Amino acid sequence: MPTKNLAEAYSLFDKANAQDPNTEDVNGTLVAKELVYGQRMTQTLETFEPEASEALKLAARSQHICRWEIPRSNYAMDRVGYLKWREDLKKFHAAKASEILHDVGYESEFIERVSFLIQKKKLKKDEETQTLEDVICLVFLDFYYEDFLVKHSDEKIIDILQKTWRKMSEKGHQAALQLSYSEKALDLIQQALKK
């Protein structure tokens with residue numbers, strides 16, 4: 001049962017993400033892209049880690065908050081530009097979420113923990129950061145991977161899958177292998193895991 005603060009924070013995160021001008025077709029209805037992403041993060045976290053802490057739940061829901069405000073096109077279209085964009089996004093999402101959490105009435109120390117998780121600090125060392133990374137990877141594989149693979153070469157997809165796999169825990173790997181994939185998508189995963 002969500003606490004009053006958690007429900008209010010979710011509602012404010014969703015309100016912010018509903019402003020996304022980019023949309024996605026969900027069962028025939030166009031929905032703001034980051035709104036549906038945040039909800040998928042929550043849904044996946046609830047399945048993957050039902051006992052997740054409130055801080056982790058908030059970090060998952062606000063992972064991409066207002067992402068469209070910092071477009072990829074503002075950065076050099078190379079690896080350095082990509083990494084800089086990702087780094088700036090983490091700080092931006094953490095600041096945006098912290099502002100909302102402060103308005104909802106959370107304590108500073110708690111907000112700092114959520115911010116730490118959103119920025120994925122101490123991946124592989126902090127259990128909750130790792131759980132968040134697993135959920136991010138699972139959301140990608142479950143909801144975005146099939147569309148993604150038709151836009152890129154098999155080599156690129158295999159490379160991305162290997163990078164994704166390396167970021168995940170053993171529990172994450174098990175959950176990823178339980179998802180349902182098309183024949184092509186599963187074949188590329190199997191190829192990625194053999195290399």
# chains A, B, ... in the order shown; residues from 1 in each chain; ligands from 1
>>> residues_around(residues="segment 121-134 of chain A", least_positions_apart="4", cutoff="12 Å", atoms="only C-alpha atoms", output="ChimeraX atom specification")
/A:41-42,44-63,87,90-91,94,112-117,138-142,164-176
>>> residues_around(residues="Ile160 of chain A", least_positions_apart="5", cutoff="12 Å", atoms="only C-alpha atoms", output="number ranges by chain")
A: 137, 140-141, 145, 148-149, 152-155, 165-167, 188-189, 191-193
>>> write_last_selection(atoms="C-alpha atoms", output="mmCIF file, in the first residue's frame")
data_model
loop_
_atom_site.group_PDB
_atom_site.id
_atom_site.type_symbol
_atom_site.label_atom_id
_atom_site.label_comp_id
_atom_site.auth_asym_id
_atom_site.auth_seq_id
_atom_site.Cartn_x
_atom_site.Cartn_y
_atom_site.Cartn_z
ATOM 1 C CA CYS A 137 17.428 -3.135 -18.620
ATOM 2 C CA PHE A 140 14.209 -1.940 -22.396
ATOM 3 C CA LEU A 141 14.098 -5.666 -23.236
ATOM 4 C CA TYR A 145 13.951 -4.022 -27.771
ATOM 5 C CA PHE A 148 14.864 -1.192 -31.664
ATOM 6 C CA LEU A 149 16.220 -4.239 -33.437
ATOM 7 C CA HIS A 152 19.836 -1.350 -36.416
ATOM 8 C CA SER A 153 22.212 -3.969 -37.789
ATOM 9 C CA ASP A 154 22.496 -7.345 -36.054
ATOM 10 C CA GLU A 155 26.106 -6.490 -35.072
ATOM 11 C CA TRP A 165 23.904 -7.952 -19.983
ATOM 12 C CA ARG A 166 27.144 -6.776 -18.337
ATOM 13 C CA LYS A 167 25.254 -4.136 -16.352
ATOM 14 C CA LEU A 188 20.205 -12.207 -31.250
ATOM 15 C CA ILE A 189 20.187 -12.571 -27.445
ATOM 16 C CA GLN A 191 24.248 -14.920 -30.171
ATOM 17 C CA ALA A 192 25.176 -12.075 -27.788
ATOM 18 C CA LEU A 193 25.501 -14.465 -24.846
#
>>> closest_residue(among="A:Lys156, A:Asn5, A:Trp68, A:Met77", to="Asp103 of chain A", atoms="only C-alpha atoms")
A:Asn5
>>> select_by_dssp(residues="segment 94-183 of chain A", states="helix (DSSP H, G or I)", output="ChimeraX atom specification")
/A:94-104,108-118,127-149,154-167,170-178,183
>>> write_last_selection(atoms="C-alpha atoms", output="PDB file, in the first residue's frame")
ATOM      1  CA  ALA A  94      17.940  13.839  -9.942  1.00  0.00           C
ATOM      2  CA  ALA A  95      17.471  17.623  -9.534  1.00  0.00           C
ATOM      3  CA  LYS A  96      13.968  17.573 -11.056  1.00  0.00           C
ATOM      4  CA  ALA A  97      12.836  14.648  -8.882  1.00  0.00           C
ATOM      5  CA  SER A  98      14.438  16.184  -5.752  1.00  0.00           C
ATOM      6  CA  GLU A  99      12.489  19.409  -6.279  1.00  0.00           C
ATOM      7  CA  ILE A 100       9.189  17.497  -6.443  1.00  0.00           C
ATOM      8  CA  LEU A 101      10.075  15.326  -3.440  1.00  0.00           C
ATOM      9  CA  HIS A 102      10.938  18.433  -1.428  1.00  0.00           C
ATOM     10  CA  ASP A 103       7.535  19.955  -2.307  1.00  0.00           C
ATOM     11  CA  VAL A 104       5.794  16.719  -1.283  1.00  0.00           C
ATOM     12  CA  SER A 108      16.516  16.037   2.825  1.00  0.00           C
ATOM     13  CA  GLU A 109      18.403  12.850   3.722  1.00  0.00           C
ATOM     14  CA  PHE A 110      15.752  10.710   2.049  1.00  0.00           C
ATOM     15  CA  ILE A 111      15.768  12.931  -1.062  1.00  0.00           C
ATOM     16  CA  GLU A 112      19.564  12.563  -1.243  1.00  0.00           C
ATOM     17  CA  ARG A 113      19.160   8.787  -1.295  1.00  0.00           C
ATOM     18  CA  VAL A 114      16.658   8.962  -4.172  1.00  0.00           C
ATOM     19  CA  SER A 115      19.016  11.319  -6.024  1.00  0.00           C
ATOM     20  CA  PHE A 116      21.933   8.891  -5.440  1.00  0.00           C
ATOM     21  CA  LEU A 117      19.864   6.066  -6.975  1.00  0.00           C
ATOM     22  CA  ILE A 118      18.646   8.101  -9.968  1.00  0.00           C
ATOM     23  CA  GLU A 127      22.230  -3.272  -3.988  1.00  0.00           C
ATOM     24  CA  GLU A 128      19.430  -0.800  -4.758  1.00  0.00           C
ATOM     25  CA  THR A 129      21.386   0.922  -7.549  1.00  0.00           C
ATOM     26  CA  GLN A 130      21.898  -2.539  -9.048  1.00  0.00           C
ATOM     27  CA  THR A 131      18.194  -3.355  -8.744  1.00  0.00           C
ATOM     28  CA  LEU A 132      17.331  -0.075 -10.481  1.00  0.00           C
ATOM     29  CA  GLU A 133      19.779  -0.876 -13.320  1.00  0.00           C
ATOM     30  CA  ASP A 134      18.257  -4.353 -13.671  1.00  0.00           C
ATOM     31  CA  VAL A 135      14.772  -2.824 -13.935  1.00  0.00           C
ATOM     32  CA  ILE A 136      15.957  -0.284 -16.553  1.00  0.00           C
ATOM     33  CA  CYS A 137      17.428  -3.135 -18.620  1.00  0.00           C
ATOM     34  CA  LEU A 138      14.298  -5.278 -18.208  1.00  0.00           C
ATOM     35  CA  VAL A 139      12.038  -2.390 -19.305  1.00  0.00           C
ATOM     36  CA  PHE A 140      14.209  -1.940 -22.396  1.00  0.00           C
ATOM     37  CA  LEU A 141      14.098  -5.666 -23.236  1.00  0.00           C
ATOM     38  CA  ASP A 142      10.372  -6.020 -22.524  1.00  0.00           C
ATOM     39  CA  PHE A 143       9.004  -2.861 -24.157  1.00  0.00           C
ATOM     40  CA  TYR A 144      11.581  -1.335 -26.533  1.00  0.00           C
ATOM     41  CA  TYR A 145      13.951  -4.022 -27.771  1.00  0.00           C
ATOM     42  CA  GLU A 146      11.727  -5.461 -30.549  1.00  0.00           C
ATOM     43  CA  ASP A 147      11.205  -2.013 -32.166  1.00  0.00           C
ATOM     44  CA  PHE A 148      14.864  -1.192 -31.664  1.00  0.00           C
ATOM     45  CA  LEU A 149      16.220  -4.239 -33.437  1.00  0.00           C
ATOM     46  CA  ASP A 154      22.496  -7.345 -36.054  1.00  0.00           C
ATOM     47  CA  GLU A 155      26.106  -6.490 -35.072  1.00  0.00           C
ATOM     48  CA  LYS A 156      25.030  -3.292 -33.337  1.00  0.00           C
ATOM     49  CA  ILE A 157      22.161  -5.052 -31.539  1.00  0.00           C
ATOM     50  CA  ILE A 158      24.472  -7.845 -30.338  1.00  0.00           C
ATOM     51  CA  ASP A 159      26.918  -5.232 -29.029  1.00  0.00           C
ATOM     52  CA  ILE A 160      24.104  -3.389 -27.190  1.00  0.00           C
ATOM     53  CA  LEU A 161      22.785  -6.651 -25.730  1.00  0.00           C
ATOM     54  CA  GLN A 162      26.243  -7.577 -24.443  1.00  0.00           C
ATOM     55  CA  LYS A 163      26.637  -4.147 -22.805  1.00  0.00           C
ATOM     56  CA  THR A 164      23.143  -4.454 -21.306  1.00  0.00           C
ATOM     57  CA  TRP A 165      23.904  -7.952 -19.983  1.00  0.00           C
ATOM     58  CA  ARG A 166      27.144  -6.776 -18.337  1.00  0.00           C
ATOM     59  CA  LYS A 167      25.254  -4.136 -16.352  1.00  0.00           C
ATOM     60  CA  GLU A 170      22.364 -12.715 -12.068  1.00  0.00           C
ATOM     61  CA  LYS A 171      18.795 -12.151 -10.837  1.00  0.00           C
ATOM     62  CA  GLY A 172      18.343  -9.643 -13.678  1.00  0.00           C
ATOM     63  CA  HIS A 173      19.669 -12.170 -16.199  1.00  0.00           C
ATOM     64  CA  GLN A 174      17.171 -14.788 -14.985  1.00  0.00           C
ATOM     65  CA  ALA A 175      14.274 -12.308 -15.256  1.00  0.00           C
ATOM     66  CA  ALA A 176      15.404 -11.231 -18.756  1.00  0.00           C
ATOM     67  CA  LEU A 177      15.384 -14.836 -19.963  1.00  0.00           C
ATOM     68  CA  GLN A 178      11.782 -15.267 -18.722  1.00  0.00           C
ATOM     69  CA  GLU A 183      12.289 -15.633 -32.818  1.00  0.00           C
TER      70      GLU A 183
END
>>> select_by_dssp(residues="segment 7-185 of chain A", states="strand (DSSP E)", output="list in words")
Thr23, Glu24, Asp25, Val26, Thr29, Leu30, Val31 and Ala32 of chain A
>>> write_last_selection(atoms="N, CA, C and O atoms", output="PDB file, in the first residue's frame")
ATOM      1  N   THR A  23       5.200  11.138 -28.295  1.00  0.00           N
ATOM      2  CA  THR A  23       4.166  10.189 -27.879  1.00  0.00           C
ATOM      3  C   THR A  23       4.476   8.782 -28.367  1.00  0.00           C
ATOM      4  O   THR A  23       5.303   8.583 -29.249  1.00  0.00           O
ATOM      5  N   GLU A  24       3.785   7.834 -27.741  1.00  0.00           N
ATOM      6  CA  GLU A  24       3.925   6.424 -28.113  1.00  0.00           C
ATOM      7  C   GLU A  24       2.533   5.835 -28.207  1.00  0.00           C
ATOM      8  O   GLU A  24       1.657   6.170 -27.403  1.00  0.00           O
ATOM      9  N   ASP A  25       2.332   4.971 -29.167  1.00  0.00           N
ATOM     10  CA  ASP A  25       1.035   4.326 -29.331  1.00  0.00           C
ATOM     11  C   ASP A  25       0.937   3.158 -28.340  1.00  0.00           C
ATOM     12  O   ASP A  25       1.691   2.201 -28.428  1.00  0.00           O
ATOM     13  N   VAL A  26       0.030   3.287 -27.387  1.00  0.00           N
ATOM     14  CA  VAL A  26      -0.190   2.209 -26.408  1.00  0.00           C
ATOM     15  C   VAL A  26      -1.626   1.715 -26.588  1.00  0.00           C
ATOM     16  O   VAL A  26      -2.579   2.421 -26.270  1.00  0.00           O
ATOM     17  N   THR A  29      -3.855   4.162 -28.388  1.00  0.00           N
ATOM     18  CA  THR A  29      -3.962   5.512 -27.833  1.00  0.00           C
ATOM     19  C   THR A  29      -2.568   6.134 -27.768  1.00  0.00           C
ATOM     20  O   THR A  29      -1.631   5.487 -27.306  1.00  0.00           O
ATOM     21  N   LEU A  30      -2.451   7.393 -28.212  1.00  0.00           N
ATOM     22  CA  LEU A  30      -1.164   8.070 -28.126  1.00  0.00           C
ATOM     23  C   LEU A  30      -0.964   8.601 -26.712  1.00  0.00           C
ATOM     24  O   LEU A  30      -1.792   9.347 -26.195  1.00  0.00           O
ATOM     25  N   VAL A  31       0.123   8.178 -26.085  1.00  0.00           N
ATOM     26  CA  VAL A  31       0.422   8.562 -24.701  1.00  0.00           C
ATOM     27  C   VAL A  31       1.804   9.210 -24.664  1.00  0.00           C
ATOM     28  O   VAL A  31       2.697   8.825 -25.419  1.00  0.00           O
ATOM     29  N   ALA A  32       1.970  10.222 -23.790  1.00  0.00           N
ATOM     30  CA  ALA A  32       3.283  10.870 -23.637  1.00  0.00           C
ATOM     31  C   ALA A  32       4.326   9.801 -23.334  1.00  0.00           C
ATOM     32  O   ALA A  32       4.142   8.973 -22.437  1.00  0.00           O
TER      33      ALA A  32
END
>>> atom_distance(atom1="atom CA of Glu8 of chain A", atom2="atom CA of Gln119 of chain A")
22.1 Å
>>> atom_distance(atom1="atom CA of Trp85 of chain A", atom2="atom CA of Leu35 of chain A")
20.7 Å
>>> atom_distance(atom1="atom CA of Glu34 of chain A", atom2="atom CA of Lys84 of chain A")
20.7 Å
>>> closest_residue(among="A:Lys4, A:Lys15, A:Val150, A:Asp88", to="Ser182 of chain A", atoms="only C-alpha atoms")
A:Val150
